[in-house]
Amino acid sequence: MKIHKPSYDASARLYTCQLTNGFRLQTTREDGVTTNLYKDEDIVSAAIQPIIEGTTGWFTKPLTADWLKGRIRLSIPTGDVPSEFEGAIEYEATSLVISKEEFTIVFKMGQMKQAEKVVIQFQEEELPAKRTLQKSDVLKARARAAKALFVAERLTQEYIRLRGGEDTDWEDEEDEEGDF
């Protein structure tokens with residue numbers, strides 16, 4: 001991380017330094033919940049030495065790691081993420097704001113990578129091949145039987161039309177054979 005010369009804002013009593021090659025942080029957002037893929041303490045610890053080295057000669061009393069550790073803050077614009085966004089978001093440290101009480105590392109939102117949509121498809125259990133074949137055979141046989149019944153009914157109607165009457169002589173024979 002390289003810290004550039006500060007500019008002073010007299011009304012706010014703040015020094016602002018631009019940063020290059022700053023820290024990069026990453027978060028993920030899923031179902032409206034943001035998860036940090038970093039720990040603030042780790043960033044603060046990692047920032048101490050570059051701040052001490054980058055500001056050498058700026059202060060009347062040189063900075064120490066112990067003094068600086070409790071004064072480093074992080075400003076990460078997580079509220080800038082659209083509520084419907086799901087995926088990874090990268091932040092980059094772009095400036096260091098120095099006040100009398102604290103050193104704030106300001107991050108800006110960088111690249112946003114949309115998460116791939118997860119589609120879970122539950123495949124129904126496939127019926128065993130034997131069961132599928134049996135069902136197919138049954139359906140074919142029923143179709144043949146229905147067709148045969150239709151043909152028989154049509155032939156019966158034709159028989160009645162030609163021979164007259166409503167009863168056929170084989171209907172009486174079936175009824176007598178079926179009685180026990």
# chains A, B, ... in the order shown; residues from 1 in each chain; ligands from 1
call {"tool": "select_by_dssp", "arguments": {"residues": "range 58-158 of chain A", "states": "strand (DSSP E or B)", "output": "ChimeraX atom specification"}}
result
/A:72-75,87-98,103-114
call {"tool": "write_last_selection", "arguments": {"atoms": "N, CA, C and O atoms", "output": "compact mmCIF listing (two decimals), in the first residue's frame"}}
result
# COMPACT_ATOMS: atom_id res chain seq x y z
N ILE A 72 -7.07 2.80 14.27
CA ILE A 72 -7.38 2.54 12.85
C ILE A 72 -8.83 2.08 12.73
O ILE A 72 -9.29 1.19 13.44
N ARG A 73 -9.55 2.71 11.82
CA ARG A 73 -10.94 2.36 11.53
C ARG A 73 -11.05 2.03 10.05
O ARG A 73 -10.24 2.49 9.24
N LEU A 74 -12.08 1.28 9.72
CA LEU A 74 -12.36 0.94 8.32
C LEU A 74 -13.70 1.54 7.92
O LEU A 74 -14.67 1.45 8.68
N SER A 75 -13.76 2.14 6.77
CA SER A 75 -15.01 2.68 6.23
C SER A 75 -15.30 1.95 4.92
O SER A 75 -14.66 2.22 3.89
N GLY A 87 -23.99 -12.25 -4.91
CA GLY A 87 -22.71 -12.60 -5.51
C GLY A 87 -21.56 -12.07 -4.67
O GLY A 87 -21.70 -11.80 -3.48
N ALA A 88 -20.41 -11.90 -5.32
CA ALA A 88 -19.20 -11.44 -4.63
C ALA A 88 -18.98 -9.95 -4.94
O ALA A 88 -19.19 -9.50 -6.05
N ILE A 89 -18.54 -9.23 -3.91
CA ILE A 89 -18.26 -7.81 -4.05
C ILE A 89 -16.85 -7.56 -3.55
O ILE A 89 -16.48 -8.01 -2.48
N GLU A 90 -16.09 -6.83 -4.36
CA GLU A 90 -14.72 -6.51 -3.98
C GLU A 90 -14.64 -5.03 -3.62
O GLU A 90 -15.26 -4.19 -4.26
N TYR A 91 -13.90 -4.74 -2.55
CA TYR A 91 -13.68 -3.36 -2.12
C TYR A 91 -12.18 -3.10 -2.14
O TYR A 91 -11.38 -3.98 -1.84
N GLU A 92 -11.80 -1.86 -2.48
CA GLU A 92 -10.39 -1.50 -2.51
C GLU A 92 -10.18 -0.25 -1.67
O GLU A 92 -10.96 0.71 -1.75
N ALA A 93 -9.12 -0.27 -0.84
CA ALA A 93 -8.77 0.90 -0.04
C ALA A 93 -8.27 1.98 -0.99
O ALA A 93 -7.32 1.77 -1.75
N THR A 94 -8.92 3.16 -0.95
CA THR A 94 -8.56 4.23 -1.88
C THR A 94 -8.02 5.47 -1.19
O THR A 94 -7.37 6.28 -1.83
N SER A 95 -8.32 5.62 0.10
CA SER A 95 -7.80 6.80 0.81
C SER A 95 -7.65 6.52 2.29
O SER A 95 -8.24 5.59 2.84
N LEU A 96 -6.85 7.36 2.91
CA LEU A 96 -6.62 7.31 4.34
C LEU A 96 -6.97 8.69 4.88
O LEU A 96 -6.40 9.70 4.44
N VAL A 97 -7.93 8.75 5.80
CA VAL A 97 -8.35 10.02 6.39
C VAL A 97 -7.79 10.05 7.81
O VAL A 97 -8.06 9.17 8.62
N ILE A 98 -7.01 11.10 8.08
CA ILE A 98 -6.33 11.22 9.36
C ILE A 98 -6.92 12.39 10.14
O ILE A 98 -6.96 13.53 9.65
N PHE A 103 -7.34 7.10 12.40
CA PHE A 103 -6.89 6.93 11.03
C PHE A 103 -7.94 6.02 10.37
O PHE A 103 -8.06 4.86 10.74
N THR A 104 -8.67 6.58 9.42
CA THR A 104 -9.73 5.82 8.78
C THR A 104 -9.32 5.43 7.36
O THR A 104 -9.01 6.30 6.54
N ILE A 105 -9.32 4.13 7.11
CA ILE A 105 -9.03 3.63 5.76
C ILE A 105 -10.37 3.55 5.05
O ILE A 105 -11.29 2.84 5.48
N VAL A 106 -10.49 4.32 3.97
CA VAL A 106 -11.74 4.40 3.23
C VAL A 106 -11.65 3.48 2.01
O VAL A 106 -10.72 3.57 1.22
N PHE A 107 -12.64 2.64 1.91
CA PHE A 107 -12.72 1.69 0.80
C PHE A 107 -13.77 2.15 -0.18
O PHE A 107 -14.74 2.83 0.19
N LYS A 108 -13.60 1.79 -1.42
CA LYS A 108 -14.65 2.04 -2.42
C LYS A 108 -15.00 0.70 -3.05
O LYS A 108 -14.16 -0.20 -3.14
N MET A 109 -16.25 0.62 -3.46
CA MET A 109 -16.71 -0.62 -4.07
C MET A 109 -16.06 -0.77 -5.43
O MET A 109 -16.01 0.17 -6.21
N GLY A 110 -15.57 -1.95 -5.65
CA GLY A 110 -14.93 -2.26 -6.94
C GLY A 110 -15.82 -3.19 -7.74
O GLY A 110 -17.01 -2.96 -7.92
N GLN A 111 -15.24 -4.27 -8.13
CA GLN A 111 -15.92 -5.23 -9.00
C GLN A 111 -17.01 -5.99 -8.25
O GLN A 111 -16.83 -6.39 -7.10
N MET A 112 -18.13 -6.15 -8.93
CA MET A 112 -19.24 -6.97 -8.40
C MET A 112 -19.42 -8.14 -9.36
O MET A 112 -19.60 -7.93 -10.55
N LYS A 113 -19.35 -9.34 -8.84
CA LYS A 113 -19.51 -10.52 -9.68
C LYS A 113 -20.79 -11.24 -9.27
O LYS A 113 -20.89 -11.77 -8.16
N GLN A 114 -21.73 -11.23 -10.17
CA GLN A 114 -23.03 -11.87 -9.93
C GLN A 114 -22.84 -13.36 -9.73
O GLN A 114 -22.13 -14.01 -10.50
call {"tool": "select_by_dssp", "arguments": {"residues": "range 14-173 of chain A", "states": "alpha helix (DSSP H)", "output": "ChimeraX atom specification"}}
result
/A:40-54,65-69,129-163,169-173
call {"tool": "residues_around", "arguments": {"residues": "range 5-7 of chain A", "least_positions_apart": "2", "cutoff": "7 Å", "atoms": "only C-alpha atoms", "output": "ChimeraX atom specification"}}
result
/A:3,9,15-17
call {"tool": "write_last_selection", "arguments": {"atoms": "all heavy atoms", "output": "tab-separated table (two decimals), in the first residue's frame"}}
result
chain	number	residue	atom	x	y	z
A	3	ILE	N	1.03	5.31	0.35
A	3	ILE	CA	0.29	6.47	0.85
A	3	ILE	C	0.87	7.73	0.21
A	3	ILE	O	2.07	8.00	0.31
A	3	ILE	CB	0.40	6.57	2.39
A	3	ILE	CG1	-0.13	5.27	3.02
A	3	ILE	CG2	-0.35	7.78	2.90
A	3	ILE	CD1	0.08	5.20	4.53
A	9	ASP	N	-8.09	19.54	4.94
A	9	ASP	CA	-9.39	20.20	4.93
A	9	ASP	C	-9.51	20.94	6.26
A	9	ASP	O	-9.77	20.32	7.30
A	9	ASP	CB	-10.51	19.16	4.77
A	9	ASP	CG	-11.91	19.78	4.77
A	9	ASP	OD1	-12.03	21.00	4.95
A	9	ASP	OD2	-12.87	18.99	4.58
A	15	TYR	N	-6.90	15.36	7.35
A	15	TYR	CA	-5.95	15.16	6.27
A	15	TYR	C	-6.45	13.95	5.48
A	15	TYR	O	-6.83	12.93	6.05
A	15	TYR	CB	-4.55	14.85	6.80
A	15	TYR	CG	-3.85	16.03	7.43
A	15	TYR	CD1	-3.94	16.25	8.79
A	15	TYR	CD2	-3.11	16.89	6.63
A	15	TYR	CE1	-3.28	17.34	9.37
A	15	TYR	CE2	-2.45	17.98	7.21
A	15	TYR	CZ	-2.55	18.20	8.57
A	15	TYR	OH	-1.90	19.27	9.13
A	16	THR	N	-6.44	14.07	4.16
A	16	THR	CA	-6.84	12.94	3.31
A	16	THR	C	-5.69	12.60	2.39
A	16	THR	O	-5.17	13.46	1.68
A	16	THR	CB	-8.10	13.29	2.48
A	16	THR	OG1	-9.15	13.65	3.37
A	16	THR	CG2	-8.53	12.10	1.63
A	17	CYS	N	-5.30	11.32	2.41
A	17	CYS	CA	-4.22	10.82	1.57
A	17	CYS	C	-4.80	9.79	0.60
A	17	CYS	O	-5.54	8.89	1.00
A	17	CYS	CB	-3.16	10.12	2.41
A	17	CYS	SG	-2.61	11.04	3.83
